[in-house]
Amino acid sequence: MLAVLVVSALSPRSAAADDIGLYTRMWPAVPTTRQLTVAQQLTDAMTALGNQLGDHLDLLSNDRLALRFDGRSRKARVKLGMIDSDYATFKFDSIVHFADGRANITARLDLGIGSHVVRVELPDIEMLPTEYRGERGVELRVPIYRRYF
């Protein structure tokens, strides 16, 4: 009888100790250091990959086409055009901001003959994916007249 009392007295304590060890293994403590989330790590990796592609494209096109990406702010910069020469200038520079399923494009165009260069600030353009009768396409929204209240 004494052995039964000793065994029953010791068994709840050992079970409680096993439960604490089980809980610490199942739910570890929250890390105290500031780490990047997996989404941020993927965004940074894809941004680096896109910028590496842009660097190669810039090199292969002899500075005629340039791409730069910023994944965290969801922006891209696209430049297209020829290098300034004595005869003609043509440059297209744009910043594309991706938000709410659309691309907002702010662009400018530099045109020139000889030393006379004209900078044209183009209106902001919105690009959206669209579908018509099963065919996929792109909708461009160009404001002709904009008014703010």
# chains A, B, ... in the order shown; residues from 1 in each chain; ligands from 1
call {"tool": "select_by_dssp", "arguments": {"residues": "range 10-126 of chain A", "states": "helix (DSSP H, G or I)", "output": "VMD selection string"}}
result
chain A and resid 10 to 26 38 to 60
call {"tool": "select_by_dssp", "arguments": {"residues": "range 79-127 of chain A", "states": "strand (DSSP E or B)", "output": "PyMOL selection string"}}
result
chain A and resi 79-81+88-99+102-113+116-121+125-127
call {"tool": "write_last_selection", "arguments": {"atoms": "C-alpha atoms", "output": "PDB file, in the first residue's frame"}}
result
ATOM      1  CA  LYS A  79      14.392  54.449 -70.025  1.00  0.00           C
ATOM      2  CA  LEU A  80      14.471  54.160 -73.781  1.00  0.00           C
ATOM      3  CA  GLY A  81      16.315  56.230 -76.324  1.00  0.00           C
ATOM      4  CA  ALA A  88      19.373  64.143 -82.943  1.00  0.00           C
ATOM      5  CA  THR A  89      18.094  63.325 -79.483  1.00  0.00           C
ATOM      6  CA  PHE A  90      15.301  60.956 -78.545  1.00  0.00           C
ATOM      7  CA  LYS A  91      14.802  59.888 -74.935  1.00  0.00           C
ATOM      8  CA  PHE A  92      11.832  58.379 -73.147  1.00  0.00           C
ATOM      9  CA  ASP A  93      11.995  58.199 -69.350  1.00  0.00           C
ATOM     10  CA  SER A  94       9.198  56.789 -67.196  1.00  0.00           C
ATOM     11  CA  ILE A  95       8.423  55.748 -63.657  1.00  0.00           C
ATOM     12  CA  VAL A  96       5.870  52.959 -63.322  1.00  0.00           C
ATOM     13  CA  HIS A  97       4.126  52.499 -59.976  1.00  0.00           C
ATOM     14  CA  PHE A  98       2.135  49.303 -59.494  1.00  0.00           C
ATOM     15  CA  ALA A  99      -0.834  49.638 -57.107  1.00  0.00           C
ATOM     16  CA  ARG A 102      -2.979  48.750 -62.233  1.00  0.00           C
ATOM     17  CA  ALA A 103       0.180  50.486 -63.386  1.00  0.00           C
ATOM     18  CA  ASN A 104       0.415  54.272 -63.042  1.00  0.00           C
ATOM     19  CA  ILE A 105       2.927  55.654 -65.527  1.00  0.00           C
ATOM     20  CA  THR A 106       4.559  59.071 -65.248  1.00  0.00           C
ATOM     21  CA  ALA A 107       6.663  59.788 -68.314  1.00  0.00           C
ATOM     22  CA  ARG A 108       8.573  62.449 -70.171  1.00  0.00           C
ATOM     23  CA  LEU A 109       9.958  62.630 -73.674  1.00  0.00           C
ATOM     24  CA  ASP A 110      13.016  64.544 -74.837  1.00  0.00           C
ATOM     25  CA  LEU A 111      13.149  65.333 -78.564  1.00  0.00           C
ATOM     26  CA  GLY A 112      15.878  67.307 -80.206  1.00  0.00           C
ATOM     27  CA  ILE A 113      17.554  68.233 -83.449  1.00  0.00           C
ATOM     28  CA  HIS A 116      17.717  72.319 -79.690  1.00  0.00           C
ATOM     29  CA  VAL A 117      16.037  69.939 -77.255  1.00  0.00           C
ATOM     30  CA  VAL A 118      12.381  70.030 -76.226  1.00  0.00           C
ATOM     31  CA  ARG A 119      11.223  68.262 -73.070  1.00  0.00           C
ATOM     32  CA  VAL A 120       7.609  67.077 -73.208  1.00  0.00           C
ATOM     33  CA  GLU A 121       5.941  66.091 -69.923  1.00  0.00           C
ATOM     34  CA  ILE A 125      -1.329  57.088 -67.856  1.00  0.00           C
ATOM     35  CA  GLU A 126      -3.050  54.186 -66.119  1.00  0.00           C
ATOM     36  CA  MET A 127      -2.750  50.655 -67.497  1.00  0.00           C
TER      37      MET A 127
END
call {"tool": "atom_distance", "arguments": {"atom1": "CA of Ala48 in chain A", "atom2": "CA of Arg74 in chain A"}}
result
13.3 Å
call {"tool": "closest_residue", "arguments": {"among": "A:Ser115, A:Asp63, A:Phe149, A:Asp100", "to": "Pro129 in chain A", "atoms": "only C-alpha atoms"}}
result
A:Asp100
call {"tool": "atom_distance", "arguments": {"atom1": "CA of Pro143 in chain A", "atom2": "CA of Pro123 in chain A"}}
result
7.0 Å
